[in-house]
Amino acid sequence: MNMQASALAHPNIAFIKYWGLEDEARRIPANGSISMNIGPLATETTVTCDPAIKADTLTLNGKPVSGLALARVQQFMDRIRRLAGSNLHARITSENNFPAGAGLASSASGFAALALAGTAALGLDLPEQELSALARYGSGSACRSIPGGFVEWLTDPLSGETYAHSIAPADHWDLADCIAILSEAHKPIGSEAGMRRAASSPLQEGRVLDADRRLAACREAILERDFAALAAVTELDSNLMHAVMMTSEPPLYYWQPASLEIMFAVRSWQAEGMQVTFTLDAGPNVHVITIRTLMGEVVRRLRQFPAVLDVLSALPAGPARLLTQDSPS
Ligand code: DP6
């Protein structure tokens with residue numbers, strides 16, 4: 001019996017960041033987060049389960065993957081097998097339509113697509129909330145790439161259940177994300193290792209204690225389509241996360257001089273009256289968030305920085321979706 005499913009998921013950019021875990025084994029984040037799915041950037045993953053396959057294999061953008069990256073995917077597949085009560089192994093192929101090594105995290109879209117394709121290939125049809133809860137075990141931010149549009153990852157304080165849900169669909173607000181790529185290098189310290197250090201910063205406690213206030217401000221800014229309010233809380237939240245990173249032991253510096261140069265430029269564009277704001281993840285690339293009508297102008301301006309290797313432009317995108325599913329014949 002041969003079962004195959006393909007799924008597509010978009011990456012997401014967080015306005016309120018996830019940085020630090022309260023419970024590492026259950027991957028419960030120290031604070032909630034809010035993000036926007038971004039397309040046309042996407043990962044497409046096909047999972048083929050076959051009794052003839054003895055161990056899961058992974059091909060990413062046409063190249064076989066081994067080592068830790070493969071082990072992480074195999075552990076995730078183990079979790080799906082336990083849920084499905086199956087012992088079938090899988091051949092997994094995954095393609096990103098965005099440049100490899102552009103410093104863009106593909107773990108969110110990758111594990112969201114794998115959660116959907118993997119469960120479907122093993123005959124499971126999980127509701128969105130359970131699929132999101134599952135995806136977080138691959139990568140925390142992957143749970144936010146399951147629902148569509150503008151998404152919040154929350155934890156129920158009573159049950160401890162943690163998952164993401166949509167707060168507004170992709171067409172709710174014509175925002176754009178212009179991503180200034182400054183480095184194609186792989187992150188020196190990935191999110192998982194970096195996050196373990198978060199608690200060593202004396203600033204993390206304050207950042208987490210104030211998170212509910214920022215989440216409420218961000219949620220409201222999105223629902224009201226209030227760009228100025230979104231910009232204020234987005235920049236604050238990015239700066240708070242990077243302050244924690246820079247004050248962890250040992251410290252983590254993800255910014256490059258050109259990252260700061262672009263942040264300063266964005267502030268001067270704001271002074272001109274442009275609707276622009278910035279946010280940075282665990283890397284030097286700057287996501288310049290703007291409104292769709294300004295996207296061309298922002299991309300043009302970002303390309304003028306000598307350190308900018310490329311600029312990608314993205315728009316709010318929908319949920320993870322199943323592309324094909326072949327049932328047992
Ligand atoms: C800085 O989801 O990549 O992008 O759970 O260890 O896989 P793991 O981390 P990951 O962390 C993302 C961190 C961030 C902020 C965010 O997207 O919220």
# chains A, B, ... in the order shown; residues from 1 in each chain; ligands from 1
call {"tool": "closest_atom_pairs", "arguments": {"of": "chain A", "to": "ligand 1", "cutoff": "9 Å", "atoms": "only C-alpha atoms and all ligand atoms", "output": "JSON lines"}}
result
{"residue": "A:Asn12", "atom": "CA", "partner": "ligand 1", "partner_atom_place_in_ligand_line": "17 (O)", "distance": 7.2}
{"residue": "A:Ile13", "atom": "CA", "partner": "ligand 1", "partner_atom_place_in_ligand_line": "17 (O)", "distance": 6.0}
{"residue": "A:Ala14", "atom": "CA", "partner": "ligand 1", "partner_atom_place_in_ligand_line": "18 (O)", "distance": 4.9}
{"residue": "A:Phe15", "atom": "CA", "partner": "ligand 1", "partner_atom_place_in_ligand_line": "18 (O)", "distance": 7.7}
{"residue": "A:Ile16", "atom": "CA", "partner": "ligand 1", "partner_atom_place_in_ligand_line": "18 (O)", "distance": 6.6}
{"residue": "A:Lys17", "atom": "CA", "partner": "ligand 1", "partner_atom_place_in_ligand_line": "18 (O)", "distance": 3.7}
{"residue": "A:Tyr18", "atom": "CA", "partner": "ligand 1", "partner_atom_place_in_ligand_line": "18 (O)", "distance": 3.7}
{"residue": "A:Trp19", "atom": "CA", "partner": "ligand 1", "partner_atom_place_in_ligand_line": "13 (C)", "distance": 5.7}
{"residue": "A:Gly20", "atom": "CA", "partner": "ligand 1", "partner_atom_place_in_ligand_line": "6 (O)", "distance": 8.6}
{"residue": "A:Leu21", "atom": "CA", "partner": "ligand 1", "partner_atom_place_in_ligand_line": "5 (O)", "distance": 8.4}
{"residue": "A:Arg27", "atom": "CA", "partner": "ligand 1", "partner_atom_place_in_ligand_line": "5 (O)", "distance": 7.3}
{"residue": "A:Pro29", "atom": "CA", "partner": "ligand 1", "partner_atom_place_in_ligand_line": "5 (O)", "distance": 8.5}
{"residue": "A:Gly32", "atom": "CA", "partner": "ligand 1", "partner_atom_place_in_ligand_line": "18 (O)", "distance": 8.9}
{"residue": "A:Ser33", "atom": "CA", "partner": "ligand 1", "partner_atom_place_in_ligand_line": "18 (O)", "distance": 6.2}
{"residue": "A:Ile34", "atom": "CA", "partner": "ligand 1", "partner_atom_place_in_ligand_line": "18 (O)", "distance": 7.5}
{"residue": "A:Ser35", "atom": "CA", "partner": "ligand 1", "partner_atom_place_in_ligand_line": "18 (O)", "distance": 7.4}
{"residue": "A:Ala105", "atom": "CA", "partner": "ligand 1", "partner_atom_place_in_ligand_line": "3 (O)", "distance": 6.8}
{"residue": "A:Ser106", "atom": "CA", "partner": "ligand 1", "partner_atom_place_in_ligand_line": "3 (O)", "distance": 8.4}
{"residue": "A:Ser107", "atom": "CA", "partner": "ligand 1", "partner_atom_place_in_ligand_line": "3 (O)", "distance": 6.1}
{"residue": "A:Ala108", "atom": "CA", "partner": "ligand 1", "partner_atom_place_in_ligand_line": "2 (O)", "distance": 6.2}
{"residue": "A:Arg136", "atom": "CA", "partner": "ligand 1", "partner_atom_place_in_ligand_line": "5 (O)", "distance": 6.8}
{"residue": "A:Tyr137", "atom": "CA", "partner": "ligand 1", "partner_atom_place_in_ligand_line": "5 (O)", "distance": 7.4}
{"residue": "A:Gly138", "atom": "CA", "partner": "ligand 1", "partner_atom_place_in_ligand_line": "7 (O)", "distance": 6.6}
{"residue": "A:Ser139", "atom": "CA", "partner": "ligand 1", "partner_atom_place_in_ligand_line": "7 (O)", "distance": 3.4}
{"residue": "A:Gly140", "atom": "CA", "partner": "ligand 1", "partner_atom_place_in_ligand_line": "5 (O)", "distance": 3.4}
{"residue": "A:Ser141", "atom": "CA", "partner": "ligand 1", "partner_atom_place_in_ligand_line": "2 (O)", "distance": 3.6}
{"residue": "A:Ala142", "atom": "CA", "partner": "ligand 1", "partner_atom_place_in_ligand_line": "2 (O)", "distance": 6.2}
{"residue": "A:Cys143", "atom": "CA", "partner": "ligand 1", "partner_atom_place_in_ligand_line": "2 (O)", "distance": 8.4}
{"residue": "A:Arg144", "atom": "CA", "partner": "ligand 1", "partner_atom_place_in_ligand_line": "17 (O)", "distance": 8.8}
{"residue": "A:Gly190", "atom": "CA", "partner": "ligand 1", "partner_atom_place_in_ligand_line": "3 (O)", "distance": 7.5}
{"residue": "A:Ser191", "atom": "CA", "partner": "ligand 1", "partner_atom_place_in_ligand_line": "9 (O)", "distance": 4.7}
{"residue": "A:Glu192", "atom": "CA", "partner": "ligand 1", "partner_atom_place_in_ligand_line": "6 (O)", "distance": 3.4}
{"residue": "A:Ala193", "atom": "CA", "partner": "ligand 1", "partner_atom_place_in_ligand_line": "6 (O)", "distance": 7.2}
{"residue": "A:Gly194", "atom": "CA", "partner": "ligand 1", "partner_atom_place_in_ligand_line": "6 (O)", "distance": 8.2}
{"residue": "A:Met195", "atom": "CA", "partner": "ligand 1", "partner_atom_place_in_ligand_line": "6 (O)", "distance": 6.9}
{"residue": "A:Arg196", "atom": "CA", "partner": "ligand 1", "partner_atom_place_in_ligand_line": "6 (O)", "distance": 8.9}
{"residue": "A:Ser238", "atom": "CA", "partner": "ligand 1", "partner_atom_place_in_ligand_line": "15 (C)", "distance": 8.7}
{"residue": "A:Met241", "atom": "CA", "partner": "ligand 1", "partner_atom_place_in_ligand_line": "1 (C)", "distance": 7.9}
{"residue": "A:His242", "atom": "CA", "partner": "ligand 1", "partner_atom_place_in_ligand_line": "1 (C)", "distance": 8.9}
{"residue": "A:Leu280", "atom": "CA", "partner": "ligand 1", "partner_atom_place_in_ligand_line": "1 (C)", "distance": 7.5}
{"residue": "A:Asp281", "atom": "CA", "partner": "ligand 1", "partner_atom_place_in_ligand_line": "1 (C)", "distance": 4.0}
{"residue": "A:Ala282", "atom": "CA", "partner": "ligand 1", "partner_atom_place_in_ligand_line": "1 (C)", "distance": 4.5}
{"residue": "A:Gly283", "atom": "CA", "partner": "ligand 1", "partner_atom_place_in_ligand_line": "1 (C)", "distance": 8.0}
call {"tool": "closest_residue", "arguments": {"among": "A:Arg300, A:Glu22, A:Lys63, A:Ala314", "to": "A:Ala42", "atoms": "only C-alpha atoms"}}
result
A:Ala314
call {"tool": "residues_around", "arguments": {"residues": "A:Gly149", "least_positions_apart": "4", "cutoff": "7 Å", "atoms": "only C-alpha atoms", "output": "ChimeraX atom specification"}}
result
/A:36-37,166,168-170,316-319
call {"tool": "residues_around", "arguments": {"residues": "A:Pro306", "least_positions_apart": "3", "cutoff": "9 Å", "atoms": "only C-alpha atoms", "output": "NGL selection string"}}
result
:A and (258 or 303 or 309)
call {"tool": "write_last_selection", "arguments": {"atoms": "all heavy atoms", "output": "short mmCIF file (atom, residue, chain, number, x, y, z; two decimals), in the first residue's frame"}}
result
data_model
loop_
_atom_site.label_atom_id
_atom_site.label_comp_id
_atom_site.auth_asym_id
_atom_site.auth_seq_id
_atom_site.Cartn_x
_atom_site.Cartn_y
_atom_site.Cartn_z
N ALA A 258 24.84 47.25 7.91
CA ALA A 258 23.84 47.65 6.91
C ALA A 258 22.41 47.43 7.40
O ALA A 258 21.48 48.10 6.94
CB ALA A 258 24.07 46.89 5.60
N ARG A 303 17.14 48.73 -2.97
CA ARG A 303 18.16 48.25 -3.92
C ARG A 303 19.33 49.21 -4.03
O ARG A 303 20.39 48.84 -4.55
CB ARG A 303 17.54 48.04 -5.31
CG ARG A 303 16.68 46.80 -5.40
CD ARG A 303 16.41 46.41 -6.85
NE ARG A 303 15.36 45.40 -6.96
CZ ARG A 303 15.52 44.10 -6.72
NH1 ARG A 303 16.71 43.65 -6.37
NH2 ARG A 303 14.52 43.27 -6.83
N LEU A 309 22.01 42.58 -1.32
CA LEU A 309 22.29 41.64 -2.41
C LEU A 309 21.06 41.45 -3.29
O LEU A 309 21.15 41.24 -4.49
CB LEU A 309 22.70 40.28 -1.84
CG LEU A 309 23.89 40.27 -0.88
CD1 LEU A 309 24.09 38.87 -0.30
CD2 LEU A 309 25.14 40.72 -1.60
#
call {"tool": "residues_around", "arguments": {"residues": "stretch 206-208 of chain A", "least_positions_apart": "3", "cutoff": "9 Å", "atoms": "only C-alpha atoms", "output": "PyMOL selection string"}}
result
chain A and resi 30-32+202-203+211-212+237+240-241+244
call {"tool": "write_last_selection", "arguments": {"atoms": "C-alpha atoms", "output": "PDB file, in the first residue's frame"}}
result
ATOM      1  CA  ALA A  30       7.576  31.934  26.716  1.00  0.00           C
ATOM      2  CA  ASN A  31       5.189  34.394  25.059  1.00  0.00           C
ATOM      3  CA  GLY A  32       2.527  34.498  22.352  1.00  0.00           C
ATOM      4  CA  PRO A 202      18.257  40.100  32.334  1.00  0.00           C
ATOM      5  CA  LEU A 203      15.930  41.721  29.776  1.00  0.00           C
ATOM      6  CA  ALA A 211       4.111  40.601  25.875  1.00  0.00           C
ATOM      7  CA  ASP A 212       0.344  40.532  26.455  1.00  0.00           C
ATOM      8  CA  ASP A 237       9.033  44.163  19.586  1.00  0.00           C
ATOM      9  CA  LEU A 240      13.185  44.075  22.397  1.00  0.00           C
ATOM     10  CA  MET A 241      14.022  40.652  20.941  1.00  0.00           C
ATOM     11  CA  VAL A 244      17.590  40.172  24.587  1.00  0.00           C
TER      12      VAL A 244
END
call {"tool": "closest_residue", "arguments": {"among": "A:Gln270, A:Gln75, A:Ser201, A:Asn96", "to": "A:Pro250", "atoms": "only C-alpha atoms"}}
result
A:Ser201
call {"tool": "atom_distance", "arguments": {"atom1": "atom CA of A:Phe227", "atom2": "atom CA of A:Ser109"}}
result
26.0 Å
call {"tool": "select_by_dssp", "arguments": {"residues": "stretch 45-230 of chain A", "states": "strand (DSSP E or B)", "output": "PyMOL selection string"}}
result
chain A and resi 45-49+57-60+63-65+90-96+150-155+162-168+175-181
call {"tool": "atom_distance", "arguments": {"atom1": "atom CA of A:Glu44", "atom2": "atom CA of A:Gln4"}}
result
13.4 Å
call {"tool": "atom_distance", "arguments": {"atom1": "atom CA of A:Arg91", "atom2": "atom CA of A:Leu134"}}
result
19.8 Å
call {"tool": "closest_residue", "arguments": {"among": "A:Cys49, A:Ile38, A:Leu122, A:Met274", "to": "A:Phe98", "atoms": "only C-alpha atoms"}}
result
A:Ile38
call {"tool": "residues_around", "arguments": {"residues": "stretch 230-234 of chain A", "least_positions_apart": "6", "cutoff": "9 Å", "atoms": "only C-alpha atoms", "output": "ChimeraX atom specification"}}
result
/A:14-17,214-215,217-222,275-279,289
call {"tool": "write_last_selection", "arguments": {"atoms": "N, CA, C and O atoms", "output": "PDB file, in the first residue's frame"}}
result
ATOM      1  N   ALA A  14       6.966  37.552  11.694  1.00  0.00           N
ATOM      2  CA  ALA A  14       6.323  37.896  12.967  1.00  0.00           C
ATOM      3  C   ALA A  14       6.438  39.392  13.261  1.00  0.00           C
ATOM      4  O   ALA A  14       7.512  39.979  13.104  1.00  0.00           O
ATOM      5  N   PHE A  15       5.326  39.993  13.664  1.00  0.00           N
ATOM      6  CA  PHE A  15       5.311  41.373  14.175  1.00  0.00           C
ATOM      7  C   PHE A  15       5.615  41.339  15.682  1.00  0.00           C
ATOM      8  O   PHE A  15       6.244  42.234  16.224  1.00  0.00           O
ATOM      9  N   ILE A  16       5.072  40.326  16.351  1.00  0.00           N
ATOM     10  CA  ILE A  16       5.388  40.074  17.770  1.00  0.00           C
ATOM     11  C   ILE A  16       6.113  38.731  17.768  1.00  0.00           C
ATOM     12  O   ILE A  16       5.556  37.714  17.340  1.00  0.00           O
ATOM     13  N   LYS A  17       7.346  38.737  18.228  1.00  0.00           N
ATOM     14  CA  LYS A  17       8.235  37.587  18.037  1.00  0.00           C
ATOM     15  C   LYS A  17       8.101  36.514  19.114  1.00  0.00           C
ATOM     16  O   LYS A  17       7.852  36.816  20.294  1.00  0.00           O
ATOM     17  N   ARG A 214       1.724  44.066  24.259  1.00  0.00           N
ATOM     18  CA  ARG A 214       2.122  44.246  22.844  1.00  0.00           C
ATOM     19  C   ARG A 214       1.241  43.409  21.918  1.00  0.00           C
ATOM     20  O   ARG A 214       0.875  43.856  20.824  1.00  0.00           O
ATOM     21  N   LEU A 215       0.890  42.198  22.365  1.00  0.00           N
ATOM     22  CA  LEU A 215       0.013  41.353  21.539  1.00  0.00           C
ATOM     23  C   LEU A 215      -1.333  42.044  21.326  1.00  0.00           C
ATOM     24  O   LEU A 215      -1.854  42.070  20.204  1.00  0.00           O
ATOM     25  N   ALA A 217      -1.969  45.261  21.458  1.00  0.00           N
ATOM     26  CA  ALA A 217      -1.783  46.440  20.600  1.00  0.00           C
ATOM     27  C   ALA A 217      -1.644  46.011  19.139  1.00  0.00           C
ATOM     28  O   ALA A 217      -2.195  46.646  18.227  1.00  0.00           O
ATOM     29  N   CYS A 218      -0.935  44.929  18.906  1.00  0.00           N
ATOM     30  CA  CYS A 218      -0.712  44.450  17.537  1.00  0.00           C
ATOM     31  C   CYS A 218      -2.008  43.911  16.933  1.00  0.00           C
ATOM     32  O   CYS A 218      -2.357  44.221  15.786  1.00  0.00           O
ATOM     33  N   ARG A 219      -2.719  43.112  17.720  1.00  0.00           N
ATOM     34  CA  ARG A 219      -4.000  42.549  17.266  1.00  0.00           C
ATOM     35  C   ARG A 219      -4.945  43.670  16.861  1.00  0.00           C
ATOM     36  O   ARG A 219      -5.551  43.666  15.798  1.00  0.00           O
ATOM     37  N   GLU A 220      -5.015  44.688  17.733  1.00  0.00           N
ATOM     38  CA  GLU A 220      -5.931  45.797  17.462  1.00  0.00           C
ATOM     39  C   GLU A 220      -5.493  46.585  16.223  1.00  0.00           C
ATOM     40  O   GLU A 220      -6.318  46.960  15.391  1.00  0.00           O
ATOM     41  N   ALA A 221      -4.190  46.810  16.095  1.00  0.00           N
ATOM     42  CA  ALA A 221      -3.676  47.544  14.930  1.00  0.00           C
ATOM     43  C   ALA A 221      -4.035  46.803  13.640  1.00  0.00           C
ATOM     44  O   ALA A 221      -4.420  47.424  12.641  1.00  0.00           O
ATOM     45  N   ILE A 222      -3.937  45.474  13.677  1.00  0.00           N
ATOM     46  CA  ILE A 222      -4.274  44.684  12.484  1.00  0.00           C
ATOM     47  C   ILE A 222      -5.776  44.776  12.212  1.00  0.00           C
ATOM     48  O   ILE A 222      -6.194  45.082  11.093  1.00  0.00           O
ATOM     49  N   GLN A 275       4.315  55.138   4.864  1.00  0.00           N
ATOM     50  CA  GLN A 275       3.876  54.066   5.759  1.00  0.00           C
ATOM     51  C   GLN A 275       4.844  52.893   5.607  1.00  0.00           C
ATOM     52  O   GLN A 275       4.684  52.039   4.721  1.00  0.00           O
ATOM     53  N   VAL A 276       5.876  52.884   6.434  1.00  0.00           N
ATOM     54  CA  VAL A 276       6.899  51.837   6.419  1.00  0.00           C
ATOM     55  C   VAL A 276       7.304  51.517   7.852  1.00  0.00           C
ATOM     56  O   VAL A 276       7.281  52.389   8.724  1.00  0.00           O
ATOM     57  N   THR A 277       7.688  50.278   8.068  1.00  0.00           N
ATOM     58  CA  THR A 277       8.237  49.888   9.364  1.00  0.00           C
ATOM     59  C   THR A 277       9.197  48.723   9.123  1.00  0.00           C
ATOM     60  O   THR A 277       9.282  48.216   8.012  1.00  0.00           O
ATOM     61  N   PHE A 278       9.940  48.338  10.152  1.00  0.00           N
ATOM     62  CA  PHE A 278      10.916  47.264   9.956  1.00  0.00           C
ATOM     63  C   PHE A 278      10.832  46.227  11.063  1.00  0.00           C
ATOM     64  O   PHE A 278      10.383  46.517  12.181  1.00  0.00           O
ATOM     65  N   THR A 279      11.266  45.032  10.721  1.00  0.00           N
ATOM     66  CA  THR A 279      11.425  43.981  11.730  1.00  0.00           C
ATOM     67  C   THR A 279      12.495  43.013  11.245  1.00  0.00           C
ATOM     68  O   THR A 279      12.647  42.803  10.039  1.00  0.00           O
ATOM     69  N   ILE A 289       8.172  46.411   6.171  1.00  0.00           N
ATOM     70  CA  ILE A 289       6.732  46.236   5.983  1.00  0.00           C
ATOM     71  C   ILE A 289       6.158  47.573   5.523  1.00  0.00           C
ATOM     72  O   ILE A 289       6.474  48.629   6.091  1.00  0.00           O
TER      73      ILE A 289
END
call {"tool": "residues_around", "arguments": {"residues": "A:Val308", "least_positions_apart": "2", "cutoff": "10 Å", "atoms": "only C-alpha atoms", "output": "PyMOL selection string"}}
result
chain A and resi 179-183+258-259+262+285-286+302-306+310-311
call {"tool": "write_last_selection", "arguments": {"atoms": "C-alpha atoms", "output": "compact mmCIF listing (two decimals), in the first residue's frame"}}
result
# COMPACT_ATOMS: atom_id res chain seq x y z
CA ILE A 179 12.88 41.78 2.33
CA ALA A 180 16.35 43.28 2.01
CA ILE A 181 18.76 40.35 1.74
CA LEU A 182 22.13 41.29 3.23
CA SER A 183 23.70 37.93 3.64
CA ALA A 258 23.84 47.65 6.91
CA SER A 259 20.88 46.29 8.91
CA ILE A 262 18.35 50.38 6.67
CA ASN A 285 18.04 40.71 6.70
CA VAL A 286 15.58 43.55 7.17
CA LEU A 302 16.31 49.28 -0.77
CA ARG A 303 18.16 48.25 -3.92
CA GLN A 304 20.25 51.43 -3.69
CA PHE A 305 22.11 50.18 -0.60
CA PRO A 306 25.45 48.70 -1.73
CA ASP A 310 18.65 41.27 -3.39
CA VAL A 311 15.18 42.43 -2.41
call {"tool": "closest_residue", "arguments": {"among": "A:Ile92, A:Leu294, A:Leu83, A:Ala243", "to": "A:Asp174", "atoms": "only C-alpha atoms"}}
result
A:Leu294
call {"tool": "select_by_dssp", "arguments": {"residues": "stretch 58-268 of chain A", "states": "alpha helix (DSSP H)", "output": "PyMOL selection string"}}
result
chain A and resi 67-84+107-121+128-135+191-196+204-209+211-224+227-246+257-268
call {"tool": "write_last_selection", "arguments": {"atoms": "C-alpha atoms", "output": "short mmCIF file (atom, residue, chain, number, x, y, z; two decimals), in the first residue's frame"}}
result
data_model
loop_
_atom_site.label_atom_id
_atom_site.label_comp_id
_atom_site.auth_asym_id
_atom_site.auth_seq_id
_atom_site.Cartn_x
_atom_site.Cartn_y
_atom_site.Cartn_z
CA GLY A 67 22.75 14.61 9.53
CA LEU A 68 20.92 16.75 12.05
CA ALA A 69 18.50 18.27 9.54
CA LEU A 70 17.37 14.79 8.48
CA ALA A 71 17.15 13.60 12.11
CA ARG A 72 14.87 16.53 12.94
CA VAL A 73 12.53 15.55 10.10
CA GLN A 74 12.63 11.85 11.07
CA GLN A 75 11.68 12.72 14.66
CA PHE A 76 8.80 14.76 13.36
CA MET A 77 7.67 11.85 11.17
CA ASP A 78 7.90 9.56 14.25
CA ARG A 79 5.40 11.86 15.96
CA ILE A 80 3.03 11.66 12.98
CA ARG A 81 3.41 7.85 12.88
CA ARG A 82 2.48 7.66 16.58
CA LEU A 83 -0.63 9.78 15.94
CA ALA A 84 -1.61 7.66 12.95
CA SER A 107 11.67 25.90 8.72
CA ALA A 108 8.24 27.52 9.24
CA SER A 109 6.90 26.83 5.75
CA GLY A 110 8.84 23.55 5.61
CA PHE A 111 7.42 22.00 8.76
CA ALA A 112 3.92 23.39 8.08
CA ALA A 113 3.93 21.73 4.64
CA LEU A 114 5.39 18.52 6.13
CA ALA A 115 2.78 18.41 8.92
CA LEU A 116 0.00 18.60 6.35
CA ALA A 117 1.49 16.29 3.70
CA GLY A 118 2.80 13.81 6.31
CA THR A 119 -0.51 13.45 8.15
CA ALA A 120 -2.44 13.19 4.87
CA ALA A 121 -0.07 10.54 3.50
CA GLU A 128 -6.52 23.13 11.69
CA GLN A 129 -5.89 23.63 15.41
CA GLU A 130 -4.41 20.14 15.85
CA LEU A 131 -2.33 20.48 12.72
CA SER A 132 -0.95 23.78 13.99
CA ALA A 133 -0.21 22.28 17.41
CA LEU A 134 1.59 19.41 15.66
CA ALA A 135 3.62 21.67 13.33
CA SER A 191 16.98 29.88 16.49
CA GLU A 192 16.89 26.73 18.58
CA ALA A 193 20.33 27.24 20.12
CA GLY A 194 19.86 31.02 20.32
CA MET A 195 16.57 30.72 22.14
CA ARG A 196 18.10 28.54 24.85
CA GLN A 204 14.00 38.58 28.79
CA GLU A 205 11.78 38.66 31.87
CA GLY A 206 10.64 42.21 31.16
CA ARG A 207 10.13 41.39 27.49
CA VAL A 208 7.92 38.42 28.37
CA LEU A 209 6.02 40.23 31.15
CA ALA A 211 4.11 40.60 25.87
CA ASP A 212 0.34 40.53 26.45
CA ARG A 213 0.20 44.30 26.15
CA ARG A 214 2.12 44.25 22.84
CA LEU A 215 0.01 41.35 21.54
CA ALA A 216 -3.17 43.31 22.27
CA ALA A 217 -1.78 46.44 20.60
CA CYS A 218 -0.71 44.45 17.54
CA ARG A 219 -4.00 42.55 17.27
CA GLU A 220 -5.93 45.80 17.46
CA ALA A 221 -3.68 47.54 14.93
CA ILE A 222 -4.27 44.68 12.48
CA LEU A 223 -8.03 44.57 13.03
CA GLU A 224 -8.27 48.38 12.67
CA PHE A 227 -0.46 51.32 10.19
CA ALA A 228 1.07 53.80 12.65
CA ALA A 229 0.06 51.61 15.59
CA LEU A 230 1.37 48.47 13.86
CA ALA A 231 4.67 50.21 13.08
CA ALA A 232 5.16 51.33 16.68
CA VAL A 233 4.60 47.91 18.22
CA THR A 234 6.46 46.01 15.47
CA GLU A 235 9.65 48.04 15.84
CA LEU A 236 9.45 47.92 19.62
CA ASP A 237 9.03 44.16 19.59
CA SER A 238 11.87 43.55 17.13
CA ASN A 239 14.16 45.80 19.15
CA LEU A 240 13.19 44.07 22.40
CA MET A 241 14.02 40.65 20.94
CA HIS A 242 17.36 41.86 19.58
CA ALA A 243 18.14 43.55 22.91
CA VAL A 244 17.59 40.17 24.59
CA MET A 245 19.80 38.49 21.99
CA MET A 246 22.60 41.02 22.43
CA PRO A 257 26.05 47.55 10.01
CA ALA A 258 23.84 47.65 6.91
CA SER A 259 20.88 46.29 8.91
CA LEU A 260 21.11 49.36 11.13
CA GLU A 261 21.66 51.63 8.13
CA ILE A 262 18.35 50.38 6.67
CA MET A 263 16.54 50.76 10.01
CA PHE A 264 17.70 54.39 10.11
CA ALA A 265 16.60 54.90 6.50
CA VAL A 266 13.15 53.49 7.33
CA ARG A 267 12.89 56.01 10.16
CA SER A 268 13.72 58.85 7.78
#
call {"tool": "closest_residue", "arguments": {"among": "A:Leu41, A:Gly123, A:Thr93, A:Ser248", "to": "A:Asp56", "atoms": "only C-alpha atoms"}}
result
A:Thr93
